[in-house]
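Asker: This is the structure I want to talk about, given as structure tokens.
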2 protein chains.
Amino acid sequence: MVFALESDGTPAYTLNYKTQAVIKPSKLGFELKDDKQSMLNGFEITRIDTTSFDETWKPVWGEVETIRNHYNEMAVTLNQKETGRQLVIRFRLFDDGLGFRYEFPSQKNLVYFIIKEERTEFAMTGDHTAFWIPGDYDTQEYDYTESKLSEIRSLMAKAVTGNASQTSFSPTGVQTALMMKTSNGLYINLHEAALINYSCMSLNLDDKNMIFQSWLTPNANGDKGNMQAPCTSPWRTIIVSDDARDIVASKMTYNLNEPCKIENTSWIKPVKYVGVWWEMITGKSSWSYTNDYPAVQLGVTGFSKAKPNNTHGATTTHVKEYIDFAAQNGFDAVLVEGWNVGWEDWFGHAKDHVFDFVTPYPDFHVQELADYARQKNVKLIMHHETSGSVRNYERYMDTAYKFMKQFGYDAVKSGYVGDILPQGEYHYSQWTNNHYQYAIEKAAQYHIMLNAHEAVRPTGIARTYPNLIGNESARGTEYQAFGGSKANHVTILPFTRLLGGPMDYTPGIFEMDISKINPSNNSHVNSTIANQLALYVTMYSPLQMAADLPENYNRFPDAFRFIKDVAVDWQDSKYLEAEPGYYLTVARKAKTTGKWFLGSVNGYNARTATISFNFLEAGKTYIATIYADANAANYKTNPQAYTIRKVVVNNKSKLSQFSAPGGGYAISFVEADKTQTKGLEKL
Amino acid sequence: MVFALESDGTPAYTLNYKTQAVIKPSKLGFELKDDKQSMLNGFEITRIDTTSFDETWKPVWGEVETIRNHYNEMAVTLNQKETGRQLVIRFRLFDDGLGFRYEFPSQKNLVYFIIKEERTEFAMTGDHTAFWIPGDYDTQEYDYTESKLSEIRSLMAKAVTGNASQTSFSPTGVQTALMMKTSNGLYINLHEAALINYSCMSLNLDDKNMIFQSWLTPNANGDKGNMQAPCTSPWRTIIVSDDARDIVASKMTYNLNEPCKIENTSWIKPVKYVGVWWEMITGKSSWSYTNDYPAVQLGVTGFSKAKPNNTHGATTTHVKEYIDFAAQNGFDAVLVEGWNVGWEDWFGHAKDHVFDFVTPYPDFHVQELADYARQKNVKLIMHHETSGSVRNYERYMDTAYKFMKQFGYDAVKSGYVGDILPQGEYHYSQWTNNHYQYAIEKAAQYHIMLNAHEAVRPTGIARTYPNLIGNESARGTEYQAFGGSKANHVTILPFTRLLGGPMDYTPGIFEMDISKINPSNNSHVNSTIANQLALYVTMYSPLQMAADLPENYNRFPDAFRFIKDVAVDWQDSKYLEAEPGYYLTVARKAKTTGKWFLGSVNGYNARTATISFNFLEAGKTYIATIYADANAANYKTNPQAYTIRKVVVNNKSKLSQFSAPGGGYAISFVEADKTQTKGLEKL
């Protein structure tokens with residue numbers, strides 16, 4: 001990378017990969033509010049500090065046991081001559097990319113300031129192919145569009161699909177992490193790291209010149225950031241490689257975050273879970289308890305006398321069935337949504353006092369279920385839907401977290417469906433981002449693991465606060481019950497959303513025809529069963545759900561076996577094949593058992609590819625159980641056609657494997673001796 | 001009062017007093033957002049319920065021991081034909097005026113709705129004289145202007161004086177409580193009661209037709225209220241009389257609030273206090289501890305190593321002096337401002353994390369002062385400045401209240417200086433009003449008395465939550481150190497601000513030349529010492545400060561005697577003379593001792609008036625100590641010239657007493673026998 005001042009003192013940088021330009025000369029700076037001079041130009045370099053850094057750290061959970069954080073650093077100190085203001089731009093150059101951030105040191109001439117817009121440019125070298133979702137202040141739950149950069153403008157309207165809260169801002173605005181591919185075969189990813197006390201960045205494309213410019217999420221009054229020096233921006237990241245596998249394997253985003261700030265992390269544990277959830281998402285059950293009231297008022301509306309609607313999912317009896325199912329099949333926990341009063345009119349009304357997070361419906365017995373779960377050695381996962389009423393949640397947060405500890409819950413799924421309250425604030429503004437961070441840190445105080453849905457997309461903060469074991473912050477499996485997602489969605493997410501942290505994607509759907517669950521819901525799950533199994537490996541997360549209904553798992557016990565077997569925490573990961581939008585194959589070694597698992601997801605085109613098992617330990621023999629698409633399988637027309645076969649393999653074996661459109665395969669490896677391999681095919 | 005539907009089904013009302021019209025036909029209704037029909041017209045009357053009510057209740061503190069709540073009620077149920085929506089308008093007619101509110105019953109066709117504007121009219125019968133302050137979403141701290149209604153527009157610009165946060169909205173917008181006088185000698189007051197979960201109302205004048213229309217304070221997005229049926233508006237109040245004394249004596253505003261919701265109120269006690277405050281207000285001392293930092297960051301900035309600025313007021317040593325002074329002079333408590341870290345850059349920067357409410361400066365020893373105060377039988381009053389950062393305060397509120405109880409504080413003064421955070425919200429919007437209410441109710445849970453400054457103007461809520469023992473919410477004494485207030489300000493406040501609840505006006509200034517305290521502050525206090533003494537009686541509050549510095553009281557021990565003697569809680573009150581802008585004379589009987597005190601404040605014109613002491617008990621003899629302006633006294637030129645004389649009086653006595661411009665007098669009565677009255681003048 002090269003840093004230089006332009007002739008008018010505008011800071012600018014370029015980035016090359018090997019012999020190719022990645023970022024053409026791109027300006028850096030800030031437009032400030034009520035400040036004629038701003039921080040755009042008129043700078044001189046007063047100092048350059050260079051250093052290099054090399055450490056290895058152990059994540060509490062992750063794809064690998066240890067992570068190397070190795071970079072060369074250059075901190076350029078700039079002085080704006082006319083104002084005497086200081087600005088430091090710190091660059092960290094890794095093998096897999098560049099991170100840089102703005103730092104505003106403590107100084108006399110710049111104390112408080114308001115960002116009108118951050119003016120960071122990423123000047124592309126051509127009309128790359130991009131995998132993008134529309135820029136939006138309130139939702140990330142879009143399907144990805146693959147197109148040339150020049151096509152974004154014409155494809156935007158179609159890409160903006162409906163959401164409970166959404167605010168798009170530009171016909172060429174897109175979100176990070178943005179994945180691109182150049183005509184020369186370079187893979188480029190733009191994102192940010194360590195988004196703390198700052199507004200979330202989107203990218204706005206100047207599609208004449210193919211220059212992306214940062215576009216921050218505003219506060220209610222249109223300001224884009226209230227800053228007090230000393231302070232820093234998040235890191236702006238450019239991950240680059242000519243091998244797409246390097247992108248998904250990159251740990252740069254985590255490395256640019258602060259080390260873990262939680263001293264004792266022994267209470268943070270990966271979780272495989274089931275939940276009273278898919279039945280509500282599909283419309284078979286309801287979160288709500290009664291249909292008696294057009295609207296409810298907490299503390300006023302009496303539920304004990306209300307007539308049950310008989311569709312309420314979170315009943316004591318039904319939750320016990322889930323606890324039994326979890327216990328029988330080795331799941332750690334059961335998520336229960338819709339247990340607390342308020343769901344009758346839970347979003348879309350700017351209702352401030354929407355939930356109290358501690359009052360159960362009459363048919364949900366907190367103590368009884370806590371006792372039952374404990375007897376069965378299963379944890380219950382708490383659910384805190386906030387409906388975007390941020391202040392209300394903060395008011396109840398201590399009480400709600402204490403309630404959790406009282407009844408043995410150690411993890412919570414939170415949600416922010418609907419517009420943020422107070423109105424005018426957005427899901428990704430500085431003020432709201434500070435709320436998500438507050439929830440993470442307060443949860444840590446209570447030794448609570450957090451999985452926040454509809455919160456701002458993660459930027460590697462889980463390195464610092466590993467109790468953030470999941471986020472949604474993208475289009476999850478629920479959309480398969482809302483009309484379906486693109487069949488290649490899961491081949492893109494690892495290149496985008498997952499770079500910042502794990503996603504509670506909730507895989508494991510076996511019944512793709514949703515009308516079988518709810519006759520009035522004609523949605524189709526655009527995926528094969530084998531593809532669903534592969535997701536437990538390809539979509540890394542320390543929190544993995546088996547999202548389908550127990551009865552659907554009971555129909556396919558052989559396929560379900562993989563979900564029961566697969567690990568959720570890893571010692572090592574090997575990306576074998578990767579092409580955004582098309583396929584991803586990864587093998588992972590479980591942290592405690594040392595067992596290998598492999599997952600491969602496929603895009604729209606049927607595909608047969610050969611992979612090598614050279615990641616296996618030399619000299620050892622394994623039985624590989626391969627859960628694959630049947631030849632006739634197809635995400636749309638024949639999603640439940642799968643085969644399971646056992647073969648004998650070693651680290652010299654190669655597998656040529658078919659994947660159906662929207663399909664894939666999953667493999668579990670078990671070390672075996674000769675008696676066990678007898679009669680099995682050898683690869 | 002008369003209610004009628006206009007020909008297009010628009011609800012309207014009129015109000016008469018004796019034979020005079022007070023309110024000409026005035027429309028009622030709501031403009032709703034995204035709702036073509038709104039709730040303005042097309043109504044039919046489906047039901048009228050009338051009732052009458054008569055109760056007597058005992059306030060926990062107040063001007064009188066018992067309050068009669070006596071009204072005739074008419075509830076008009078309206079049906080909007082086209083929409084099938086129900087609206088109830090409930091009128092309560094008292095001897096001293098009319099209150100009415102809108103009620104939205106639970107119904108199918110109106111559940112959630114957004115108020116674009118409340119369209120309540122108050123059509124005046126002529127170009128009345130008004131005592132008004134500019135309508136503003138963020139401050140009430142204006143001097144009153146006396147003018148004809150028709151003159152408001154031309155006088156507005158001058159009336160809008162500077163404030164740390166202010167948002168005016170209309171050249172004919174004014175605030176309630178609005179006091180008016182007609183050319184026929186009628187006194188009319190417009191205000192509201194029970195402002196709960198609703199936006200604060202101002203009034204916008206159509207100065208062609210002399211019609212006031214309600215003008216609500218918007219949320220950040222411009223909406224003026226998010227409602228969920230069943231719900232109600234606050235009461236809109238019209239207090240009327242041909243005797244101005246009835247206005248100040250009216251308890252209608254309290255009567256329109258709900259009865260006390262705090263079961264055990266034994267911990268709520270009137271308080272007379274001194275404080276480390278005036279020295280900061282005048283600029284002699286500072287709230288801040290150091291001048292080392294351009295800005296501080298809580299938890300980051302270290303104060304233990306900072307260089308003290310040597311002007312910090314809240315030091316352990318200095319607070320002990322105040323505790324000693326309080327103990328010696330019979331004060332209940334000492335307020336200490338500037339004790340906690342964060343004052344170096346405390347407002348004006350949209351700084352979210354501005355105070356933590358529990359961390360003292362290094363020179364303020366919480367435990368040592370708690371012990372010292374306890375030994376001296378003096379309470380310390382906590383101070384929570386929030387700088388408008390509402391969320392930050394709520395996050396710390398439990399911790400802060402617990403901290404108070406731990407160290408023996410049972411009352412808190414809170415403050416909201418500067419713009420509300422998150423930005424876009426106003427001081428009086430529904431969202432922010434809900435915060436003030438949250439603070440009141442949470443304080444009640446902790447048995448904490450609350451005195452909120454810069455909060456929304458009170459509307460009688462202290463009936464329901466008597467732990468709200470004070471508010472500022474008007475231009476207080478501090479402005480006498482910021483350039484001065486009008487000399488007749490205190491003759492207007494009882495007709496306006498005080499109708500909704502007590503004001504922490506902080507009277508008792510003896511040194512009117514502020515440069516004597518701080519040579520660089522040339523402000524002058526526009527008041528005489530006798531006027532200052534009278535305020536303890538005329539400005540009813542269960543929380544009364546002696547605001548001046550101890551050394552100034554020590555210079556005038558004979559006048560200070562009245563402040564030491566005067567009660568703060570009353571069994572009875574008699575308004576003897578009243579004319580807004582000109583004078584107010586009130587006698588009050590102390591609740592526990594039965595002693596009478598009298599205060600009289602005067603406007604700009606010197607005045608000699610005769611009052612009767614017929615409120616005294618028949619057959620008893622009293623020594624009246626009269627603290628009065630000397631003949632040469634003048635608020636501007638000679639404010640410290642006072643006389644003190646003792647005279648013998650009984651309930652047949654009359655007093656002809658001179659008051660200087662901006663002056664007044666105060667009297668304490670003590671029952672006496674013959675030996676004590678010997679040699680004293682008899683009235």
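In the structure tokens, each chain is lettered A, B, ... as it comes, each chain's residues begin at 1, and ligands are numbered from 1 in order of appearance.
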Skipping near chain neighbours, those fewer than 4 positions away, what residues fall within 7 Å of A:Gly97 using only C-alpha atoms, listed as a list of chain:residue names?
Answerer: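 So, after excluding close chain neighbours, the residues are A:Leu93, A:Ile238, A:Ile239, A:Val240.
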Asker: For the residues in the current selection, export N, CA and C atoms as a short mmCIF file (atom, residue, chain, number, x, y, z; two decimals), in the first residue's frame.
Answerer:
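Now in result-v2.cif:
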data_model
loop_
_atom_site.label_atom_id
_atom_site.label_comp_id
_atom_site.auth_asym_id
_atom_site.auth_seq_id
_atom_site.Cartn_x
_atom_site.Cartn_y
_atom_site.Cartn_z
N LEU A 93 -1.02 -3.55 7.39
CA LEU A 93 -0.96 -4.36 6.18
C LEU A 93 -0.70 -5.81 6.58
N ILE A 238 -9.87 -4.05 3.65
CA ILE A 238 -9.83 -4.53 2.27
C ILE A 238 -9.10 -5.87 2.30
N ILE A 239 -9.86 -6.94 2.16
CA ILE A 239 -9.24 -8.26 2.11
C ILE A 239 -9.09 -8.62 0.64
N VAL A 240 -7.92 -9.09 0.29
CA VAL A 240 -7.62 -9.35 -1.13
C VAL A 240 -6.88 -10.66 -1.28
#
Asker: Taking only C-alpha atoms into account, which residues of chain A are within 6 Å of chain B, as a list in words?
Answerer: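 Per the criterion, chain A yields Ala220, Asn221 and Gly424 of chain A.
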Asker: Restricted to N, CA, C and O atoms, what would the selected residues look like written as a PDB file, in the first residue's frame?
Answerer:
ATOM      1  N   ALA A 220     -30.917  10.703  14.259  1.00  0.00           N
ATOM      2  CA  ALA A 220     -32.256  11.216  13.935  1.00  0.00           C
ATOM      3  C   ALA A 220     -32.184  12.612  13.314  1.00  0.00           C
ATOM      4  O   ALA A 220     -33.005  12.971  12.482  1.00  0.00           O
ATOM      5  N   ASN A 221     -31.215  13.396  13.688  1.00  0.00           N
ATOM      6  CA  ASN A 221     -31.133  14.765  13.162  1.00  0.00           C
ATOM      7  C   ASN A 221     -30.249  14.848  11.921  1.00  0.00           C
ATOM      8  O   ASN A 221     -29.923  15.937  11.474  1.00  0.00           O
ATOM      9  N   GLY A 424     -36.962   8.046  14.423  1.00  0.00           N
ATOM     10  CA  GLY A 424     -35.936   8.887  13.809  1.00  0.00           C
ATOM     11  C   GLY A 424     -34.580   8.229  13.913  1.00  0.00           C
ATOM     12  O   GLY A 424     -33.719   8.430  13.054  1.00  0.00           O
TER      13      GLY A 424
END
Asker: Would you mind reading off the distance between atom CA of A:His427 and atom CA of A:Thr496, one decimal, in Å?
Answerer: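 Spanning atom CA of A:His427 to atom CA of A:Thr496 is a straight-line distance of 19.0 Å.
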Asker: Write out as a list in words each polymer residue whose atoms come within 8 Å of B:Asn340, counting only C-alpha atoms; drop sequence neighbours fewer than 2 positions from it.
Answerer: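 So, after excluding close chain neighbours, the residues are Gly338, Gly342, Trp343, Phe355, Asp356, Phe357, Val358, Thr359, Pro360 and Tyr361 of chain B.
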Asker: With C-alpha atoms retained, export the selected residues as an mmCIF file, in the first residue's frame.
Answerer:
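Heads up, here's the output in again_22.cif:
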data_model
loop_
_atom_site.group_PDB
_atom_site.id
_atom_site.type_symbol
_atom_site.label_atom_id
_atom_site.label_comp_id
_atom_site.auth_asym_id
_atom_site.auth_seq_id
_atom_site.Cartn_x
_atom_site.Cartn_y
_atom_site.Cartn_z
ATOM 1 C CA GLY B 338 -20.323 19.689 41.230
ATOM 2 C CA GLY B 342 -17.597 15.173 34.470
ATOM 3 C CA TRP B 343 -18.217 18.895 34.920
ATOM 4 C CA PHE B 355 -21.849 11.707 34.110
ATOM 5 C CA ASP B 356 -21.939 8.459 36.063
ATOM 6 C CA PHE B 357 -23.616 9.948 39.160
ATOM 7 C CA VAL B 358 -21.496 7.964 41.586
ATOM 8 C CA THR B 359 -17.854 8.943 41.157
ATOM 9 C CA PRO B 360 -16.773 11.911 43.297
ATOM 10 C CA TYR B 361 -13.965 14.284 42.526
#
Asker: Tell me, as a list of chain:residue names, which residues lie within 9 Å of B:Thr625, counting only C-alpha atoms; anything in the same chain fewer than 6 positions away does not count.
Answerer: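 Using only C-alpha atoms, the neighbours found are B:Phe562, B:Ile644, B:Arg645, B:Lys646, B:Val647, B:Val648, B:Ala666, B:Ile667, B:Ser668, B:Phe669, B:Val670.
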Asker: May I have the residues within 9 Å of A:Pro105 as a PyMOL selection string, using only C-alpha atoms and disregarding those fewer than 6 positions away in the same chain?
Answerer: chain A and resi 86-88+229-232
Asker: Kindly save the residues from that selection, with N, CA, C and O atoms included, as an mmCIF file, in the first residue's frame.
Answerer:
data_model
loop_
_atom_site.group_PDB
_atom_site.id
_atom_site.type_symbol
_atom_site.label_atom_id
_atom_site.label_comp_id
_atom_site.auth_asym_id
_atom_site.auth_seq_id
_atom_site.Cartn_x
_atom_site.Cartn_y
_atom_site.Cartn_z
ATOM 1 N N GLN A 86 -4.727 17.852 14.288
ATOM 2 C CA GLN A 86 -3.963 16.635 14.069
ATOM 3 C C GLN A 86 -4.894 15.490 13.692
ATOM 4 O O GLN A 86 -5.963 15.337 14.285
ATOM 5 N N LEU A 87 -4.464 14.692 12.741
ATOM 6 C CA LEU A 87 -5.190 13.478 12.361
ATOM 7 C C LEU A 87 -4.161 12.397 12.110
ATOM 8 O O LEU A 87 -3.168 12.633 11.418
ATOM 9 N N VAL A 88 -4.386 11.250 12.717
ATOM 10 C CA VAL A 88 -3.499 10.114 12.461
ATOM 11 C C VAL A 88 -4.281 9.099 11.629
ATOM 12 O O VAL A 88 -5.429 8.790 11.949
ATOM 13 N N ALA A 229 -12.540 13.853 20.817
ATOM 14 C CA ALA A 229 -11.144 13.424 20.819
ATOM 15 C C ALA A 229 -10.655 13.286 22.263
ATOM 16 O O ALA A 229 -11.054 14.074 23.109
ATOM 17 N N PRO A 230 -9.798 12.280 22.556
ATOM 18 C CA PRO A 230 -9.247 11.294 21.632
ATOM 19 C C PRO A 230 -10.261 10.210 21.277
ATOM 20 O O PRO A 230 -10.981 9.733 22.148
ATOM 21 N N CYS A 231 -10.263 9.841 20.003
ATOM 22 C CA CYS A 231 -11.175 8.805 19.543
ATOM 23 C C CYS A 231 -10.677 8.275 18.211
ATOM 24 O O CYS A 231 -9.755 8.845 17.616
ATOM 25 N N THR A 232 -11.290 7.206 17.776
ATOM 26 C CA THR A 232 -10.893 6.598 16.512
ATOM 27 C C THR A 232 -12.143 6.192 15.742
ATOM 28 O O THR A 232 -13.208 6.020 16.320
#
